[in-house]
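**Student:** Below is one structure. I have some questions about it.
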Amino acid sequence: FDGKDVSVTIANRGVLDARDLLVLLYCEEPDTPKTRQVAHKPLPLVRGMESAGTTFEDVALLPGTEELWVVIDTKRQLSAAQRDAGVYSLRECVGVG
C-alpha cells in the first residue's frame, strides 16, 4: 500500500450543505497511542444529499501499519445540539492493502 493514492468520497446524507470539512488520514486508530496523522486536505463543500471526494497522492504509511483511518473533522459547522452530544468527527477504518 505504501506510496499509493487514496481516494475518499464523502456522502452528505443531510439536506444542509457541509462546508469547510477537513479530511485526515491516520495510520492506526485515532486517539490511540500508535496513531499518526499522515495526510490532510480541506474539502470546501459537500452539498446536501450529494457526494464529493478528494484524492491523497503517494500516501506514505509508517512501517508496520495495520490500519488506515479516514477522519472527517466537522468541528467548524456543528449545531449546538451536536456539540452537546459530543459529535466532533466522523471516522472509519478503510484497511490497508
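In the C-alpha cells, the first chain shown is A, the next is B, and so on; residue numbers restart at 1 for each chain, and ligands run from 1 in the order shown.
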Please identify every residue of stretch 30-75 of chain A that has at least one atom no farther than 8 Å from an atom of stretch 5-12 of chain A, counting only C-alpha atoms, and for each give the shortest atom pair and the distance in Å to one decimal, arranged by chain then increasing number, as JSON lines.

**Tutor:**
{"residue": "A:Val46", "atom": "CA", "partner": "A:Asn12", "partner_atom": "CA", "distance": 6.4}
{"residue": "A:Arg47", "atom": "CA", "partner": "A:Asn12", "partner_atom": "CA", "distance": 6.8}
{"residue": "A:Gly48", "atom": "CA", "partner": "A:Asn12", "partner_atom": "CA", "distance": 5.6}
{"residue": "A:Met49", "atom": "CA", "partner": "A:Asn12", "partner_atom": "CA", "distance": 5.3}
{"residue": "A:Glu50", "atom": "CA", "partner": "A:Asn12", "partner_atom": "CA", "distance": 5.6}
{"residue": "A:Ser51", "atom": "CA", "partner": "A:Ala11", "partner_atom": "CA", "distance": 4.2}
{"residue": "A:Ala52", "atom": "CA", "partner": "A:Ile10", "partner_atom": "CA", "distance": 5.4}
{"residue": "A:Gly53", "atom": "CA", "partner": "A:Thr9", "partner_atom": "CA", "distance": 4.1}
{"residue": "A:Thr54", "atom": "CA", "partner": "A:Val8", "partner_atom": "CA", "distance": 5.5}
{"residue": "A:Thr55", "atom": "CA", "partner": "A:Ser7", "partner_atom": "CA", "distance": 4.2}
{"residue": "A:Phe56", "atom": "CA", "partner": "A:Val6", "partner_atom": "CA", "distance": 5.1}
{"residue": "A:Glu57", "atom": "CA", "partner": "A:Asp5", "partner_atom": "CA", "distance": 4.4}
{"residue": "A:Asp58", "atom": "CA", "partner": "A:Asp5", "partner_atom": "CA", "distance": 5.1}
{"residue": "A:Val59", "atom": "CA", "partner": "A:Asp5", "partner_atom": "CA", "distance": 6.0}

**Student:** Leaving out A:Gly95 and any residue of its chain fewer than 3 positions from it, which residues lie within 12 Å of it when counting only C-alpha atoms, given as a CSV table (one decimal) with C-alpha atoms, in the first residue's frame?

**Tutor:**
chain,number,residue,atom,x,y,z
A,1,PHE,CA,0.0,0.0,0.0
A,6,VAL,CA,-6.1,7.1,-1.6
A,25,LEU,CA,-5.7,10.1,7.1
A,26,TYR,CA,-4.2,8.3,10.1
A,27,CYS,CA,-2.1,5.2,10.5
A,28,GLU,CA,-3.8,3.1,13.1
A,29,GLU,CA,-6.9,4.1,15.1
A,61,LEU,CA,2.5,4.8,5.7
A,65,THR,CA,0.9,0.0,9.8
A,66,GLU,CA,-2.1,-2.4,10.1
A,67,GLU,CA,-5.0,0.1,9.6
A,68,LEU,CA,-5.6,3.2,7.7
A,69,TRP,CA,-8.3,5.5,9.1
A,70,VAL,CA,-10.2,8.4,7.5
A,92,GLU,CA,-13.9,4.9,9.6

**Student:** Set the distance at 9 Å and use only C-alpha atoms: which residues neighbour A:Val71 once local chain neighbours fewer than 5 positions away are removed? I'd like the list as a list in words.

**Tutor:**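 Skipping anything fewer than 5 positions along the chain leaves Leu22, Val23, Leu24, Leu25, Tyr26, Pro30, Ser89, Leu90, Arg91, Glu92 and Cys93 of chain A.
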
**Student:** Residues of the last selection are to be written out with all heavy atoms, as a CSV table (one decimal), in the first residue's frame.

**Tutor:**
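Everything below was put into out_39.csv:
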chain,number,residue,atom,x,y,z
A,22,LEU,N,-12.5,19.0,7.0
A,22,LEU,CA,-11.1,18.7,6.9
A,22,LEU,C,-11.0,17.2,6.9
A,22,LEU,O,-11.5,16.5,7.8
A,22,LEU,CB,-10.3,19.2,8.1
A,22,LEU,CG,-8.8,19.1,8.0
A,22,LEU,CD1,-8.2,19.8,6.8
A,22,LEU,CD2,-8.2,19.7,9.3
A,23,VAL,N,-10.4,16.6,5.8
A,23,VAL,CA,-10.3,15.2,5.7
A,23,VAL,C,-8.9,14.8,6.1
A,23,VAL,O,-7.9,15.3,5.6
A,23,VAL,CB,-10.5,14.7,4.2
A,23,VAL,CG1,-10.5,13.2,4.1
A,23,VAL,CG2,-11.9,15.2,3.7
A,24,LEU,N,-8.8,13.9,7.1
A,24,LEU,CA,-7.5,13.5,7.6
A,24,LEU,C,-7.3,12.0,7.4
A,24,LEU,O,-8.2,11.2,7.6
A,24,LEU,CB,-7.4,13.8,9.1
A,24,LEU,CG,-7.7,15.3,9.5
A,24,LEU,CD1,-9.0,15.4,10.2
A,24,LEU,CD2,-6.6,15.8,10.3
A,25,LEU,N,-6.0,11.6,7.2
A,25,LEU,CA,-5.7,10.1,7.1
A,25,LEU,C,-4.8,9.8,8.3
A,25,LEU,O,-3.8,10.6,8.6
A,25,LEU,CB,-4.9,9.8,5.8
A,25,LEU,CG,-5.7,9.9,4.5
A,25,LEU,CD1,-4.8,9.5,3.4
A,25,LEU,CD2,-7.0,9.1,4.5
A,26,TYR,N,-5.0,8.7,9.0
A,26,TYR,CA,-4.2,8.3,10.1
A,26,TYR,C,-3.8,6.8,9.9
A,26,TYR,O,-4.5,6.0,9.4
A,26,TYR,CB,-5.1,8.3,11.4
A,26,TYR,CG,-5.3,9.7,11.9
A,26,TYR,CD1,-6.4,10.4,11.5
A,26,TYR,CD2,-4.5,10.2,12.9
A,26,TYR,CE1,-6.7,11.7,12.1
A,26,TYR,CE2,-4.7,11.4,13.4
A,26,TYR,CZ,-5.8,12.2,13.0
A,26,TYR,OH,-6.0,13.4,13.6
A,30,PRO,N,-7.4,6.5,15.4
A,30,PRO,CA,-7.2,7.8,16.0
A,30,PRO,C,-7.4,7.7,17.5
A,30,PRO,O,-8.2,6.8,18.0
A,30,PRO,CB,-8.3,8.7,15.3
A,30,PRO,CG,-8.5,8.0,14.0
A,30,PRO,CD,-8.4,6.5,14.3
A,89,SER,N,-16.4,14.5,14.9
A,89,SER,CA,-15.8,14.0,13.7
A,89,SER,C,-16.5,12.7,13.3
A,89,SER,O,-17.1,12.0,14.1
A,89,SER,CB,-14.3,13.8,13.9
A,89,SER,OG,-14.1,12.8,14.8
A,90,LEU,N,-16.3,12.3,12.1
A,90,LEU,CA,-16.7,11.0,11.6
A,90,LEU,C,-15.5,10.3,11.2
A,90,LEU,O,-14.6,10.9,10.6
A,90,LEU,CB,-17.6,11.2,10.3
A,90,LEU,CG,-18.8,12.1,10.5
A,90,LEU,CD1,-19.5,12.4,9.1
A,90,LEU,CD2,-19.8,11.5,11.5
A,91,ARG,N,-15.4,9.0,11.6
A,91,ARG,CA,-14.2,8.3,11.3
A,91,ARG,C,-14.5,6.8,10.9
A,91,ARG,O,-15.5,6.3,11.4
A,91,ARG,CB,-13.2,8.4,12.4
A,91,ARG,CG,-13.6,7.7,13.7
A,91,ARG,CD,-12.7,8.0,14.8
A,91,ARG,NE,-12.8,7.1,15.9
A,91,ARG,CZ,-12.1,7.2,17.0
A,91,ARG,NH1,-11.1,8.0,17.1
A,91,ARG,NH2,-12.3,6.3,18.0
A,92,GLU,N,-13.6,6.3,10.0
A,92,GLU,CA,-13.9,4.9,9.6
A,92,GLU,C,-12.5,4.3,9.2
A,92,GLU,O,-11.7,5.0,8.6
A,92,GLU,CB,-14.8,5.0,8.3
A,92,GLU,CG,-15.1,3.6,7.8
A,92,GLU,CD,-16.1,3.6,6.7
A,92,GLU,OE1,-16.9,4.6,6.6
A,92,GLU,OE2,-16.2,2.7,5.9
A,93,CYS,N,-12.4,3.1,9.6
A,93,CYS,CA,-11.2,2.3,9.2
A,93,CYS,C,-11.4,1.8,7.7
A,93,CYS,O,-12.4,1.2,7.4
A,93,CYS,CB,-11.0,1.1,10.1
A,93,CYS,SG,-9.5,0.1,9.7

**Student:** In Å, with one decimal, what is the gap from atom CA of A:Gln37 to atom CA of A:Leu62?

**Tutor:**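 Taking atom CA of A:Gln37 and atom CA of A:Leu62, their separation equals 9.9 Å.
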
**Student:** Could you check how far atom CA of A:Thr74 sits from atom CA of A:Leu45, in Å to one decimal?

**Tutor:**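 Computing the Euclidean distance for atom CA of A:Thr74 and atom CA of A:Leu45 yields 11.7 Å.
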
**Student:** Taking into account only C-alpha atoms, which residue in the set A:Val96, A:Leu16, A:Ile72, A:Ala60 is nearest to A:Val38?

**Tutor:**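 Of A:Val96, A:Leu16, A:Ile72, A:Ala60, the one nearest A:Val38, counting only C-alpha atoms, is A:Ala60.
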
**Student:** Between atom CA of A:Asp73 and atom CA of A:Asp20, what distance in Å does the model show, to one decimal?

**Tutor:**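 Distance reported for this atom pair: 8.9 Å.
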
**Student:** DSSP on the backbone: which residues in chain A end up as helix (DSSP H, G or I)? Give the answer as number ranges by chain.

**Tutor:** A: 75-77, 80-84

**Student:** Pull N, CA and C atoms from the residues just selected and write them as an mmCIF file, in the first residue's frame.

**Tutor:**
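File produced: again15.cif:
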data_model
loop_
_atom_site.group_PDB
_atom_site.id
_atom_site.type_symbol
_atom_site.label_atom_id
_atom_site.label_comp_id
_atom_site.auth_asym_id
_atom_site.auth_seq_id
_atom_site.Cartn_x
_atom_site.Cartn_y
_atom_site.Cartn_z
ATOM 1 N N LYS A 75 -15.870 20.015 13.182
ATOM 2 C CA LYS A 75 -15.992 20.935 14.317
ATOM 3 C C LYS A 75 -16.440 22.330 13.923
ATOM 4 N N ARG A 76 -16.098 22.771 12.737
ATOM 5 C CA ARG A 76 -16.365 24.155 12.374
ATOM 6 C C ARG A 76 -17.830 24.432 12.071
ATOM 7 N N GLN A 77 -18.651 23.411 11.896
ATOM 8 C CA GLN A 77 -20.018 23.653 11.437
ATOM 9 C C GLN A 77 -21.086 22.937 12.247
ATOM 10 N N ALA A 80 -25.385 23.417 18.008
ATOM 11 C CA ALA A 80 -25.189 23.333 19.464
ATOM 12 C C ALA A 80 -25.574 21.946 19.978
ATOM 13 N N ALA A 81 -26.636 21.364 19.437
ATOM 14 C CA ALA A 81 -27.071 20.031 19.865
ATOM 15 C C ALA A 81 -26.020 18.980 19.549
ATOM 16 N N GLN A 82 -25.399 19.071 18.373
ATOM 17 C CA GLN A 82 -24.353 18.112 18.020
ATOM 18 C C GLN A 82 -23.139 18.281 18.921
ATOM 19 N N ARG A 83 -22.742 19.520 19.200
ATOM 20 C CA ARG A 83 -21.608 19.745 20.105
ATOM 21 C C ARG A 83 -21.907 19.187 21.489
ATOM 22 N N ASP A 84 -23.129 19.409 21.967
ATOM 23 C CA ASP A 84 -23.519 18.897 23.283
ATOM 24 C C ASP A 84 -23.506 17.372 23.316
#

**Student:** I'd like to know which residues of chain A are strand (DSSP E or B) (by DSSP, run on the backbone); could you write them as a ChimeraX atom specification?

**Tutor:** /A:4-11,18-27,36-46,51-59,68-73,89-93
